>>> print(open('structure-v4.cif').read())   # mmCIF, C-alpha atoms
data_target
#
loop_
_atom_site.group_PDB
_atom_site.id
_atom_site.type_symbol
_atom_site.label_atom_id
_atom_site.label_comp_id
_atom_site.auth_asym_id
_atom_site.auth_seq_id
_atom_site.Cartn_x
_atom_site.Cartn_y
_atom_site.Cartn_z
ATOM 1 C CA MET A 674 128.056 110.246 101.368
ATOM 2 C CA SER A 675 128.195 106.468 101.519
ATOM 3 C CA ARG A 676 126.131 105.768 104.646
ATOM 4 C CA GLN A 677 125.724 102.065 103.854
ATOM 5 C CA GLN A 678 129.425 101.627 103.086
ATOM 6 C CA ARG A 679 130.379 103.277 106.352
ATOM 7 C CA ALA A 680 127.952 101.094 108.303
ATOM 8 C CA GLU A 681 129.340 97.942 106.665
ATOM 9 C CA ILE A 682 132.929 98.960 107.447
ATOM 10 C CA ASP A 683 132.003 99.657 111.066
ATOM 11 C CA ALA A 684 130.324 96.264 111.402
ATOM 12 C CA MET A 685 133.301 94.491 109.820
ATOM 13 C CA VAL A 686 135.783 96.181 112.133
ATOM 14 C CA ARG A 687 133.664 95.292 115.174
ATOM 15 C CA ARG A 688 133.874 91.565 114.505
ATOM 16 C CA PRO A 689 134.449 89.701 117.790
ATOM 17 C CA ARG A 690 138.045 89.506 118.931
ATOM 18 C CA PRO A 691 139.640 87.516 121.741
ATOM 19 C CA GLU A 692 138.988 88.864 125.234
ATOM 20 C CA GLY A 693 141.789 90.315 127.339
ATOM 21 C CA PRO A 694 145.345 91.357 126.449
ATOM 22 C CA ARG A 695 146.894 89.407 123.615
ATOM 23 C CA SER A 696 150.520 88.425 123.202
ATOM 24 C CA VAL A 697 152.755 90.263 120.780
ATOM 25 C CA GLU A 698 152.659 87.291 118.419
ATOM 26 C CA GLU A 699 148.849 87.251 118.488
ATOM 27 C CA LEU A 700 148.659 90.993 117.936
ATOM 28 C CA ARG A 701 150.983 90.810 114.945
ATOM 29 C CA ALA A 702 149.196 87.858 113.369
ATOM 30 C CA GLY A 703 145.799 89.485 113.826
ATOM 31 C CA PHE A 704 146.969 92.746 112.310
ATOM 32 C CA ARG A 705 148.516 90.965 109.308
ATOM 33 C CA ALA A 706 145.252 89.109 108.721
ATOM 34 C CA MET A 707 143.119 92.246 108.964
ATOM 35 C CA MET A 708 145.318 94.371 106.714
ATOM 36 C CA GLY A 709 145.654 91.486 104.280
ATOM 37 C CA GLU A 710 141.975 92.041 103.434
ATOM 38 C CA MET A 711 142.648 95.567 102.140
ATOM 39 C CA ILE A 712 142.735 96.174 98.403
ATOM 40 C CA VAL A 713 146.182 96.866 96.962
ATOM 41 C CA PRO A 714 145.837 98.818 93.723
ATOM 42 C CA ALA A 715 147.068 97.507 90.410
ATOM 43 C CA GLY A 716 149.666 99.496 88.552
ATOM 44 C CA ILE A 717 152.524 99.253 91.044
ATOM 45 C CA ARG A 718 155.685 97.217 91.278
ATOM 46 C CA THR A 719 157.599 96.549 94.480
ATOM 47 C CA ARG A 720 161.040 95.353 95.448
ATOM 48 C CA THR A 721 163.117 95.184 98.593
ATOM 49 C CA ALA A 722 165.533 98.011 99.255
ATOM 50 C CA THR A 723 167.612 99.308 102.161
ATOM 51 C CA LEU A 724 167.496 102.743 103.770
ATOM 52 C CA GLY A 725 170.104 103.381 106.407
ATOM 53 C CA ASP A 726 170.502 99.955 107.945
ATOM 54 C CA ARG A 727 166.836 98.948 107.684
ATOM 55 C CA PRO A 728 164.924 97.100 104.986
ATOM 56 C CA ALA A 729 162.274 98.996 103.050
ATOM 57 C CA ALA A 730 159.791 98.256 100.307
ATOM 58 C CA LEU A 731 160.371 100.381 97.219
ATOM 59 C CA VAL A 732 156.977 100.934 95.609
ATOM 60 C CA GLU A 733 156.869 102.459 92.126
ATOM 61 C CA PRO A 734 154.245 103.010 89.461
ATOM 62 C CA VAL A 735 154.473 100.597 86.559
ATOM 63 C CA SER A 736 154.826 103.597 84.290
ATOM 64 C CA THR A 737 157.904 105.807 84.593
ATOM 65 C CA PRO A 738 157.765 107.445 88.038
ATOM 66 C CA LYS A 739 157.843 111.189 88.429
ATOM 67 C CA ALA A 740 160.875 112.686 90.131
ATOM 68 C CA GLY A 741 160.152 112.809 93.856
ATOM 69 C CA THR A 742 159.989 110.420 96.797
ATOM 70 C CA ILE A 743 157.492 109.598 99.538
ATOM 71 C CA LEU A 744 159.066 108.195 102.707
ATOM 72 C CA TYR A 745 156.243 106.121 104.215
ATOM 73 C CA PHE A 746 155.883 104.923 107.818
ATOM 74 C CA HIS A 747 153.391 102.099 108.424
ATOM 75 C CA GLY A 748 150.998 101.973 111.362
ATOM 76 C CA GLY A 749 150.635 99.421 114.123
ATOM 77 C CA SER A 750 151.075 101.083 117.536
ATOM 78 C CA TYR A 751 154.875 100.700 117.184
ATOM 79 C CA VAL A 752 154.357 96.997 117.976
ATOM 80 C CA VAL A 753 152.799 95.420 114.865
ATOM 81 C CA GLY A 754 152.776 96.074 111.131
ATOM 82 C CA SER A 755 155.197 96.203 108.229
ATOM 83 C CA PRO A 756 155.502 97.738 104.774
ATOM 84 C CA GLU A 757 153.310 94.899 103.517
ATOM 85 C CA THR A 758 150.435 95.644 105.901
ATOM 86 C CA ALA A 759 150.381 99.271 104.702
ATOM 87 C CA MET A 760 150.601 98.437 101.008
ATOM 88 C CA SER A 761 147.019 99.520 100.233
ATOM 89 C CA LEU A 762 147.886 103.004 101.501
ATOM 90 C CA THR A 763 151.367 103.258 100.011
ATOM 91 C CA GLY A 764 150.236 101.782 96.709
ATOM 92 C CA ASN A 765 147.371 104.236 96.390
ATOM 93 C CA LEU A 766 149.607 107.218 97.087
ATOM 94 C CA VAL A 767 152.028 105.970 94.431
ATOM 95 C CA THR A 768 149.370 105.368 91.779
ATOM 96 C CA LYS A 769 147.602 108.655 92.505
ATOM 97 C CA THR A 770 150.754 110.828 92.509
ATOM 98 C CA GLY A 771 153.134 109.035 90.160
ATOM 99 C CA PHE A 772 155.929 109.345 92.757
ATOM 100 C CA ARG A 773 157.906 106.415 94.098
ATOM 101 C CA ALA A 774 157.670 105.536 97.785
ATOM 102 C CA PHE A 775 159.984 103.853 100.232
ATOM 103 C CA SER A 776 157.979 102.145 102.992
ATOM 104 C CA LEU A 777 160.325 101.699 105.932
ATOM 105 C CA ASP A 778 160.506 98.477 107.950
ATOM 106 C CA TYR A 779 161.464 100.236 111.194
ATOM 107 C CA ARG A 780 162.184 98.329 114.401
ATOM 108 C CA LEU A 781 159.214 97.426 116.614
ATOM 109 C CA ALA A 782 158.574 97.263 120.338
ATOM 110 C CA PRO A 783 158.777 95.530 122.717
ATOM 111 C CA GLU A 784 162.024 94.166 121.268
ATOM 112 C CA TYR A 785 163.072 97.693 120.278
ATOM 113 C CA PRO A 786 161.179 100.329 122.280
ATOM 114 C CA PHE A 787 161.305 104.124 122.027
ATOM 115 C CA PRO A 788 163.256 105.762 120.440
ATOM 116 C CA ALA A 789 164.285 102.979 118.017
ATOM 117 C CA ALA A 790 161.554 103.723 115.452
ATOM 118 C CA ILE A 791 162.457 107.430 115.372
ATOM 119 C CA GLU A 792 166.147 106.607 115.014
ATOM 120 C CA ASP A 793 165.316 104.377 112.043
ATOM 121 C CA GLY A 794 163.152 107.079 110.470
ATOM 122 C CA LEU A 795 165.935 109.642 110.813
ATOM 123 C CA SER A 796 168.506 107.206 109.408
ATOM 124 C CA ALA A 797 166.252 106.512 106.413
ATOM 125 C CA TYR A 798 165.771 110.217 105.701
ATOM 126 C CA ARG A 799 169.503 110.829 106.026
ATOM 127 C CA ALA A 800 170.152 107.984 103.576
ATOM 128 C CA LEU A 801 167.842 109.597 100.997
ATOM 129 C CA LEU A 802 169.635 112.918 101.400
ATOM 130 C CA ASP A 803 173.049 111.250 101.209
ATOM 131 C CA SER A 804 171.985 109.577 97.948
ATOM 132 C CA GLY A 805 171.574 113.023 96.408
ATOM 133 C CA GLU A 806 167.815 113.415 96.824
ATOM 134 C CA ASP A 807 166.823 117.039 97.285
ATOM 135 C CA PRO A 808 164.795 117.590 100.497
ATOM 136 C CA SER A 809 162.264 119.596 98.481
ATOM 137 C CA ALA A 810 161.560 116.396 96.531
ATOM 138 C CA ILE A 811 160.891 114.263 99.636
ATOM 139 C CA ALA A 812 157.670 114.066 101.635
ATOM 140 C CA PHE A 813 156.919 112.064 104.761
ATOM 141 C CA ALA A 814 153.658 110.116 104.948
ATOM 142 C CA GLY A 815 152.315 107.574 107.396
ATOM 143 C CA ASP A 816 149.326 106.170 109.220
ATOM 144 C CA SER A 817 148.534 105.807 112.920
ATOM 145 C CA ALA A 818 151.852 105.263 114.742
ATOM 146 C CA GLY A 819 153.512 105.887 111.395
ATOM 147 C CA GLY A 820 151.633 109.165 111.208
ATOM 148 C CA GLY A 821 153.232 110.011 114.520
ATOM 149 C CA LEU A 822 156.625 109.125 113.043
ATOM 150 C CA THR A 823 156.151 111.648 110.247
ATOM 151 C CA VAL A 824 156.196 114.330 112.942
ATOM 152 C CA THR A 825 158.800 112.924 115.326
ATOM 153 C CA THR A 826 161.199 112.029 112.497
ATOM 154 C CA CYS A 827 160.834 115.607 111.296
ATOM 155 C CA LEU A 828 161.618 116.837 114.811
ATOM 156 C CA ALA A 829 164.671 114.591 114.963
ATOM 157 C CA ALA A 830 165.830 115.806 111.551
ATOM 158 C CA ARG A 831 165.484 119.450 112.566
ATOM 159 C CA ASN A 832 167.256 118.815 115.869
ATOM 160 C CA GLY A 833 170.044 117.117 113.939
ATOM 161 C CA GLY A 834 170.521 120.068 111.610
ATOM 162 C CA LEU A 835 169.042 118.374 108.547
ATOM 163 C CA PRO A 836 166.866 120.265 106.084
ATOM 164 C CA MET A 837 163.125 119.813 106.338
ATOM 165 C CA PRO A 838 161.267 117.595 103.852
ATOM 166 C CA ALA A 839 158.770 119.184 101.497
ATOM 167 C CA ALA A 840 155.609 118.103 103.314
ATOM 168 C CA ILE A 841 154.004 115.789 105.865
ATOM 169 C CA VAL A 842 150.863 113.695 105.304
ATOM 170 C CA ALA A 843 149.522 111.866 108.348
ATOM 171 C CA PHE A 844 146.517 109.526 108.370
ATOM 172 C CA SER A 845 144.941 109.266 111.860
ATOM 173 C CA PRO A 846 148.299 109.972 113.503
ATOM 174 C CA GLY A 847 149.091 108.970 117.063
ATOM 175 C CA LEU A 848 150.645 112.114 118.516
ATOM 176 C CA ASP A 849 150.050 111.987 122.269
ATOM 177 C CA MET A 850 151.300 109.113 124.397
ATOM 178 C CA THR A 851 149.918 110.855 127.503
ATOM 179 C CA ARG A 852 146.450 109.994 126.118
ATOM 180 C CA THR A 853 144.962 113.253 127.436
ATOM 181 C CA GLY A 854 142.826 114.194 124.433
ATOM 182 C CA GLU A 855 139.119 114.591 125.205
ATOM 183 C CA SER A 856 138.269 112.205 122.357
ATOM 184 C CA MET A 857 139.877 109.391 124.369
ATOM 185 C CA ASP A 858 136.702 109.537 126.452
ATOM 186 C CA THR A 859 134.089 111.149 124.195
ATOM 187 C CA LYS A 860 134.699 108.624 121.403
ATOM 188 C CA ALA A 861 134.989 105.569 123.664
ATOM 189 C CA GLY A 862 132.640 102.918 122.323
ATOM 190 C CA ILE A 863 132.173 104.853 119.099
ATOM 191 C CA ASP A 864 135.677 103.881 117.986
ATOM 192 C CA PRO A 865 135.381 100.345 116.551
ATOM 193 C CA PHE A 866 139.131 99.697 116.733
ATOM 194 C CA PHE A 867 140.607 101.080 119.926
ATOM 195 C CA THR A 868 139.983 101.255 123.635
ATOM 196 C CA ARG A 869 142.056 103.138 126.185
ATOM 197 C CA GLU A 870 143.070 99.782 127.707
ATOM 198 C CA GLY A 871 144.237 98.452 124.341
ATOM 199 C CA LEU A 872 146.321 101.536 123.630
ATOM 200 C CA GLU A 873 147.838 101.382 127.097
ATOM 201 C CA HIS A 874 148.765 97.715 126.503
ATOM 202 C CA THR A 875 150.795 98.473 123.363
ATOM 203 C CA GLY A 876 151.886 101.885 124.617
ATOM 204 C CA THR A 877 153.569 100.307 127.622
ATOM 205 C CA MET A 878 155.621 98.138 125.269
ATOM 206 C CA TYR A 879 156.791 101.174 123.286
ATOM 207 C CA LEU A 880 157.443 103.419 126.296
ATOM 208 C CA ALA A 881 159.441 100.790 128.218
ATOM 209 C CA GLY A 882 159.249 102.931 131.335
ATOM 210 C CA GLN A 883 159.878 106.290 129.646
ATOM 211 C CA ASP A 884 157.847 109.330 130.706
ATOM 212 C CA PRO A 885 155.378 110.109 127.879
ATOM 213 C CA HIS A 886 155.534 113.821 128.743
ATOM 214 C CA GLN A 887 158.220 114.665 126.180
ATOM 215 C CA PRO A 888 158.064 116.101 122.670
ATOM 216 C CA MET A 889 159.191 112.933 120.908
ATOM 217 C CA LEU A 890 156.361 110.960 122.516
ATOM 218 C CA SER A 891 153.600 113.559 122.704
ATOM 219 C CA PRO A 892 154.303 116.178 120.029
ATOM 220 C CA ALA A 893 150.646 117.247 119.811
ATOM 221 C CA ILE A 894 150.951 118.862 123.235
ATOM 222 C CA LEU A 895 154.692 119.404 123.761
ATOM 223 C CA ALA A 896 156.603 119.824 120.494
ATOM 224 C CA ASP A 897 157.977 123.076 119.123
ATOM 225 C CA LEU A 898 156.979 122.925 115.445
ATOM 226 C CA THR A 899 158.840 126.037 114.344
ATOM 227 C CA GLY A 900 160.134 125.672 110.806
ATOM 228 C CA PHE A 901 158.048 122.592 109.989
ATOM 229 C CA PRO A 902 156.949 121.942 106.409
ATOM 230 C CA PRO A 903 153.286 122.094 105.343
ATOM 231 C CA MET A 904 151.179 119.396 106.975
ATOM 232 C CA LEU A 905 148.012 117.516 106.017
ATOM 233 C CA LEU A 906 146.328 115.737 108.917
ATOM 234 C CA GLN A 907 143.435 113.407 108.071
ATOM 235 C CA ALA A 908 141.250 111.679 110.649
ATOM 236 C CA GLY A 909 137.733 110.349 111.179
ATOM 237 C CA THR A 910 135.177 111.397 113.767
ATOM 238 C CA ASN A 911 134.794 107.825 115.017
ATOM 239 C CA GLU A 912 138.217 107.502 116.618
ATOM 240 C CA ILE A 913 139.500 108.085 120.102
ATOM 241 C CA LEU A 914 142.726 109.534 118.657
ATOM 242 C CA LEU A 915 140.813 112.322 116.875
ATOM 243 C CA ASP A 916 142.099 115.010 119.232
ATOM 244 C CA ASP A 917 145.695 114.042 118.475
ATOM 245 C CA SER A 918 145.091 115.561 115.034
ATOM 246 C CA THR A 919 142.995 118.531 116.150
ATOM 247 C CA ARG A 920 145.516 119.590 118.790
ATOM 248 C CA MET A 921 148.452 119.072 116.427
ATOM 249 C CA ALA A 922 146.746 121.297 113.856
ATOM 250 C CA THR A 923 146.283 124.037 116.450
ATOM 251 C CA ARG A 924 149.889 123.716 117.579
ATOM 252 C CA ALA A 925 151.152 123.852 113.993
ATOM 253 C CA ARG A 926 149.044 126.897 113.183
ATOM 254 C CA GLU A 927 150.298 128.707 116.291
ATOM 255 C CA ALA A 928 153.890 127.965 115.191
ATOM 256 C CA GLY A 929 153.256 129.542 111.784
ATOM 257 C CA VAL A 930 153.121 126.221 109.942
ATOM 258 C CA ASP A 931 150.802 125.744 106.964
ATOM 259 C CA VAL A 932 148.411 123.012 108.057
ATOM 260 C CA ILE A 933 145.255 121.404 106.696
ATOM 261 C CA LEU A 934 143.033 119.533 109.153
ATOM 262 C CA ASP A 935 140.853 117.170 107.111
ATOM 263 C CA ILE A 936 138.156 115.438 109.183
ATOM 264 C CA THR A 937 135.690 112.937 107.686
ATOM 265 C CA THR A 938 132.416 112.103 109.443
ATOM 266 C CA ASP A 939 131.473 108.630 110.712
ATOM 267 C CA VAL A 940 134.604 106.814 109.591
ATOM 268 C CA PRO A 941 137.110 104.896 111.742
ATOM 269 C CA HIS A 942 140.821 105.071 112.395
ATOM 270 C CA VAL A 943 142.887 105.003 109.154
ATOM 271 C CA PHE A 944 139.742 104.746 107.062
ATOM 272 C CA GLN A 945 141.875 105.469 103.982
ATOM 273 C CA ALA A 946 142.984 101.823 104.044
ATOM 274 C CA PHE A 947 139.484 100.876 102.856
ATOM 275 C CA ALA A 948 140.080 102.388 99.415
ATOM 276 C CA GLY A 949 138.091 100.542 96.788
ATOM 277 C CA VAL A 950 135.376 99.720 99.343
ATOM 278 C CA LEU A 951 134.613 103.062 100.972
ATOM 279 C CA ASP A 952 134.083 106.135 98.806
ATOM 280 C CA GLU A 953 135.390 108.459 101.525
ATOM 281 C CA ALA A 954 138.664 106.523 101.578
ATOM 282 C CA ASP A 955 139.311 107.073 97.872
ATOM 283 C CA GLU A 956 138.316 110.720 98.147
ATOM 284 C CA ALA A 957 140.645 111.301 101.104
ATOM 285 C CA LEU A 958 143.522 109.647 99.256
ATOM 286 C CA ASP A 959 142.807 111.877 96.256
ATOM 287 C CA ARG A 960 143.134 114.916 98.525
ATOM 288 C CA ALA A 961 146.349 113.560 100.032
ATOM 289 C CA ALA A 962 147.781 112.899 96.577
ATOM 290 C CA LEU A 963 146.919 116.426 95.452
ATOM 291 C CA PHE A 964 148.602 117.853 98.557
ATOM 292 C CA LEU A 965 151.753 115.825 97.888
ATOM 293 C CA SER A 966 151.796 116.797 94.212
ATOM 294 C CA GLN A 967 151.485 120.467 95.142
ATOM 295 C CA HIS A 968 154.384 120.382 97.604
ATOM 296 C CA ILE A 969 156.954 117.927 96.273
ATOM 297 C CA ARG A 970 159.328 119.951 94.130
ATOM 298 C CA THR A 971 162.060 118.668 91.872
ATOM 299 C CA ARG A 972 165.002 120.292 90.164
ATOM 300 C CA GLY A 973 163.684 122.200 87.189
ATOM 301 C CA THR A 974 160.237 122.657 88.748
ATOM 302 C CA ALA A 975 159.510 126.333 88.954
ATOM 303 C CA ARG A 976 158.309 127.697 92.257
ATOM 304 C CA THR A 977 155.637 130.344 92.123
ATOM 305 C CA SER A 978 155.854 133.370 94.385
ATOM 306 C CA ALA A 979 153.268 131.651 96.612
ATOM 307 C CA GLY A 980 155.115 128.320 96.661
#
>>> encode(input="structure-v4.cif", output="structure tokens")
Amino acid sequence: MSRQQRAEIDAMVRRPRPEGPRSVEELRAGFRAMMGEMIVPAGIRTRTATLGDRPAALVEPVSTPKAGTILYFHGGSYVVGSPETAMSLTGNLVTKTGFRAFSLDYRLAPEYPFPAAIEDGLSAYRALLDSGEDPSAIAFAGDSAGGGLTVTTCLAARNGGLPMPAAIVAFSPGLDMTRTGESMDTKAGIDPFFTREGLEHTGTMYLAGQDPHQPMLSPAILADLTGFPPMLLQAGTNEILLDDSTRMATRAREAGVDVILDITTDVPHVFQAFAGVLDEADEALDRAALFLSQHIRTRGTARTSAG
């Protein structure tokens, strides 16, 4: 275990930030600056694409990609972020699996509050299916708010009669807008990124007056997950959103869904973004890549009796 690395990451994340609520423009600029420090792996090429009616970054390995697609949803509390800010995560999944990824530039609050991001996710998935992609060759992946979108987009797809994707991978997903998880209090002060007040500030922008007590906003406590694909949920013990993952795992298991709950000690929210700096980040991404490789199927790939 990399105790020194984890301590250095914690100290870096705790660097002083402006006091009080910040404007949307300040939040977005600060997030771009922070994520711009993350290491994007070599061995990928990117270009702009369109899924549905939204832009997306198509990220591919420099070598010939394997058949199969990762639909990636970036983090940022539904208010900040872009495919570029998540490139360290998307790029690592691409290099470690050999699959291509589309990182969706979904609409953000407060300009476009709930359910705009989910509508964009569903439209992107429908576009992949309409292009001839087999659902068994598509997996959803995302971090933080984007991790939440992996679940809510799947719910929207099921509700719309679409086939389920092959798998879901969620890094520190936000899955409960009611903020009722015990870790919201037990991890307060331990979490170097978030406070309840900060999450309520951005959450208010996304909710735009909607009641958070509904499955599309709080799936960890309200969603029916029947028929969901296998899920990998990764989180760290030093985050107030930890119980979003633990409760989602319980809910998935009770619905008969194959689920892996992968918790790493003494690491912060979306610690996987620190790949190349934090050993645990690279190891977690290796596990995520293995999970994706085991579940993404393509035409001509034989399924075992256990698959």
>>> atom_distance(input="structure-v4.cif", atom1="atom CA of A:Asp884", atom2="atom CA of A:Val932")
28.1 Å
>>> residues_around(input="structure-v4.cif", residues="A:Thr923", least_positions_apart="3", cutoff="12 Å", atoms="only C-alpha atoms", output="list in words")
Pro892, Ala893, Ile894, Ala896, Leu898, Met904, Leu906, Asp916, Asp917, Ser918, Thr919, Arg920, Arg926, Glu927, Ala928, Gly929, Val930, Asp931, Val932, Ile933 and Leu934 of chain A
>>> closest_atom_pairs(input="structure-v4.cif", of="stretch 781-860 of chain A", to="stretch 699-703 of chain A", cutoff="12 Å", atoms="only C-alpha atoms", output="tab-separated table")
residue	atom	partner	partner_atom	distance
A:Leu781	CA	A:Arg701	CA	10.7
A:Ala782	CA	A:Arg701	CA	11.3
A:Pro783	CA	A:Arg701	CA	12.0
>>> write_last_selection(input="structure-v4.cif", atoms="C-alpha atoms", output="tab-separated table (two decimals), in the frame of the given file")
chain	number	residue	atom	x	y	z
A	781	LEU	CA	159.21	97.43	116.61
A	782	ALA	CA	158.57	97.26	120.34
A	783	PRO	CA	158.78	95.53	122.72
>>> closest_residue(input="structure-v4.cif", among="A:Phe867, A:Phe746, A:Phe964, A:Phe787", to="A:Ala729", atoms="only C-alpha atoms")
A:Phe746
>>> residues_around(input="structure-v4.cif", residues="stretch 731-737 of chain A", least_positions_apart="5", cutoff="8 Å", atoms="only C-alpha atoms", output="PyMOL selection string")
chain A and resi 716-722+763-764+767-768+771-776
>>> write_last_selection(input="structure-v4.cif", atoms="C-alpha atoms", output="PDB file, in the coordinates of the input")
ATOM      1  CA  GLY A 716     149.666  99.496  88.552  1.00  0.00           C
ATOM      2  CA  ILE A 717     152.524  99.253  91.044  1.00  0.00           C
ATOM      3  CA  ARG A 718     155.685  97.217  91.278  1.00  0.00           C
ATOM      4  CA  THR A 719     157.599  96.549  94.480  1.00  0.00           C
ATOM      5  CA  ARG A 720     161.040  95.353  95.448  1.00  0.00           C
ATOM      6  CA  THR A 721     163.117  95.184  98.593  1.00  0.00           C
ATOM      7  CA  ALA A 722     165.533  98.011  99.255  1.00  0.00           C
ATOM      8  CA  THR A 763     151.367 103.258 100.011  1.00  0.00           C
ATOM      9  CA  GLY A 764     150.236 101.782  96.709  1.00  0.00           C
ATOM     10  CA  VAL A 767     152.028 105.970  94.431  1.00  0.00           C
ATOM     11  CA  THR A 768     149.370 105.368  91.779  1.00  0.00           C
ATOM     12  CA  GLY A 771     153.134 109.035  90.160  1.00  0.00           C
ATOM     13  CA  PHE A 772     155.929 109.345  92.757  1.00  0.00           C
ATOM     14  CA  ARG A 773     157.906 106.415  94.098  1.00  0.00           C
ATOM     15  CA  ALA A 774     157.670 105.536  97.785  1.00  0.00           C
ATOM     16  CA  PHE A 775     159.984 103.853 100.232  1.00  0.00           C
ATOM     17  CA  SER A 776     157.979 102.145 102.992  1.00  0.00           C
TER      18      SER A 776
END
>>> closest_residue(input="structure-v4.cif", among="A:Pro788, A:Gly709, A:Phe866, A:Glu855", to="A:Gly882", atoms="all atoms listed in the file")
A:Pro788
>>> closest_residue(input="structure-v4.cif", among="A:Ala961, A:Leu802, A:Ala818, A:Ala810", to="A:Ala759", atoms="only C-alpha atoms")
A:Ala818
>>> residues_around(input="structure-v4.cif", residues="A:Gly805", least_positions_apart="4", cutoff="12 Å", atoms="only C-alpha atoms", output="list in words")
Gly741, Thr742, Tyr798, Arg799, Ala800, Leu801, Ser809, Ala810, Ile811, Thr971 and Arg972 of chain A
>>> resolve_selection(input="structure-v4.cif", expression="the PyMOL selection byres ((chain A and resi 683-689) around 8)", output="short mmCIF file (atom, residue, chain, number, x, y, z; two decimals) with C-alpha atoms, keeping the file's coordinate frame")
data_model
loop_
_atom_site.label_atom_id
_atom_site.label_comp_id
_atom_site.auth_asym_id
_atom_site.auth_seq_id
_atom_site.Cartn_x
_atom_site.Cartn_y
_atom_site.Cartn_z
CA ARG A 679 130.38 103.28 106.35
CA ALA A 680 127.95 101.09 108.30
CA GLU A 681 129.34 97.94 106.66
CA ILE A 682 132.93 98.96 107.45
CA ARG A 690 138.04 89.51 118.93
CA PRO A 691 139.64 87.52 121.74
CA PRO A 865 135.38 100.34 116.55
CA PHE A 866 139.13 99.70 116.73
CA VAL A 940 134.60 106.81 109.59
CA PRO A 941 137.11 104.90 111.74
#
>>> closest_residue(input="structure-v4.cif", among="A:Val950, A:Ala839, A:Glu912, A:Asp939", to="A:Glu710", atoms="only C-alpha atoms")
A:Val950
>>> closest_residue(input="structure-v4.cif", among="A:Ser796, A:Thr937, A:Thr877, A:Gln883", to="A:Leu835", atoms="all atoms listed in the file")
A:Ser796
>>> closest_residue(input="structure-v4.cif", among="A:Val753, A:Met711, A:Gly819, A:Lys739", to="A:Ala954", atoms="all atoms listed in the file")
A:Met711
>>> atom_distance(input="structure-v4.cif", atom1="atom CA of A:Gly847", atom2="atom CA of A:Glu956")
21.8 Å
>>> residues_near_point(input="structure-v4.cif", point="(153.2, 100.0, 115.1)", cutoff="10 Å", atoms="all atoms listed in the file", output="list in words")
Arg701, Phe704, Phe746, His747, Gly748, Gly749, Ser750, Tyr751, Val752, Val753, Gly754, Ser755, Tyr779, Arg780, Leu781, Ala782, Ala790, Asp816, Ser817, Ala818, Gly819, Leu822, Thr875, Gly876 and Tyr879 of chain A
>>> write_last_selection(input="structure-v4.cif", atoms="C-alpha atoms", output="PDB file, in the frame of the given file")
ATOM      1  CA  ARG A 701     150.983  90.810 114.945  1.00  0.00           C
ATOM      2  CA  PHE A 704     146.969  92.746 112.310  1.00  0.00           C
ATOM      3  CA  PHE A 746     155.883 104.923 107.818  1.00  0.00           C
ATOM      4  CA  HIS A 747     153.391 102.099 108.424  1.00  0.00           C
ATOM      5  CA  GLY A 748     150.998 101.973 111.362  1.00  0.00           C
ATOM      6  CA  GLY A 749     150.635  99.421 114.123  1.00  0.00           C
ATOM      7  CA  SER A 750     151.075 101.083 117.536  1.00  0.00           C
ATOM      8  CA  TYR A 751     154.875 100.700 117.184  1.00  0.00           C
ATOM      9  CA  VAL A 752     154.357  96.997 117.976  1.00  0.00           C
ATOM     10  CA  VAL A 753     152.799  95.420 114.865  1.00  0.00           C
ATOM     11  CA  GLY A 754     152.776  96.074 111.131  1.00  0.00           C
ATOM     12  CA  SER A 755     155.197  96.203 108.229  1.00  0.00           C
ATOM     13  CA  TYR A 779     161.464 100.236 111.194  1.00  0.00           C
ATOM     14  CA  ARG A 780     162.184  98.329 114.401  1.00  0.00           C
ATOM     15  CA  LEU A 781     159.214  97.426 116.614  1.00  0.00           C
ATOM     16  CA  ALA A 782     158.574  97.263 120.338  1.00  0.00           C
ATOM     17  CA  ALA A 790     161.554 103.723 115.452  1.00  0.00           C
ATOM     18  CA  ASP A 816     149.326 106.170 109.220  1.00  0.00           C
ATOM     19  CA  SER A 817     148.534 105.807 112.920  1.00  0.00           C
ATOM     20  CA  ALA A 818     151.852 105.263 114.742  1.00  0.00           C
ATOM     21  CA  GLY A 819     153.512 105.887 111.395  1.00  0.00           C
ATOM     22  CA  LEU A 822     156.625 109.125 113.043  1.00  0.00           C
ATOM     23  CA  THR A 875     150.795  98.473 123.363  1.00  0.00           C
ATOM     24  CA  GLY A 876     151.886 101.885 124.617  1.00  0.00           C
ATOM     25  CA  TYR A 879     156.791 101.174 123.286  1.00  0.00           C
TER      26      TYR A 879
END
>>> decode(input="structure-v4.cif", residues="stretch 746-751 of chain A", atoms="N, CA and C atoms", output="mmCIF file, in the first residue's frame")
data_model
loop_
_atom_site.group_PDB
_atom_site.id
_atom_site.type_symbol
_atom_site.label_atom_id
_atom_site.label_comp_id
_atom_site.auth_asym_id
_atom_site.auth_seq_id
_atom_site.Cartn_x
_atom_site.Cartn_y
_atom_site.Cartn_z
ATOM 1 N N PHE A 746 -19.316 8.653 -19.192
ATOM 2 C CA PHE A 746 -19.960 9.856 -18.675
ATOM 3 C C PHE A 746 -19.026 10.521 -17.661
ATOM 4 N N HIS A 747 -18.598 11.740 -17.951
ATOM 5 C CA HIS A 747 -17.656 12.441 -17.074
ATOM 6 C C HIS A 747 -18.337 12.895 -15.792
ATOM 7 N N GLY A 748 -17.520 13.177 -14.781
ATOM 8 C CA GLY A 748 -18.017 13.691 -13.513
ATOM 9 C C GLY A 748 -18.046 15.205 -13.487
ATOM 10 N N GLY A 749 -18.556 15.742 -12.357
ATOM 11 C CA GLY A 749 -18.604 17.178 -12.185
ATOM 12 C C GLY A 749 -19.896 17.685 -11.591
ATOM 13 N N SER A 750 -20.579 16.856 -10.797
ATOM 14 C CA SER A 750 -21.794 17.280 -10.083
ATOM 15 C C SER A 750 -22.894 17.773 -11.010
ATOM 16 N N TYR A 751 -22.867 17.360 -12.268
ATOM 17 C CA TYR A 751 -23.841 17.763 -13.291
ATOM 18 C C TYR A 751 -23.741 19.246 -13.633
#
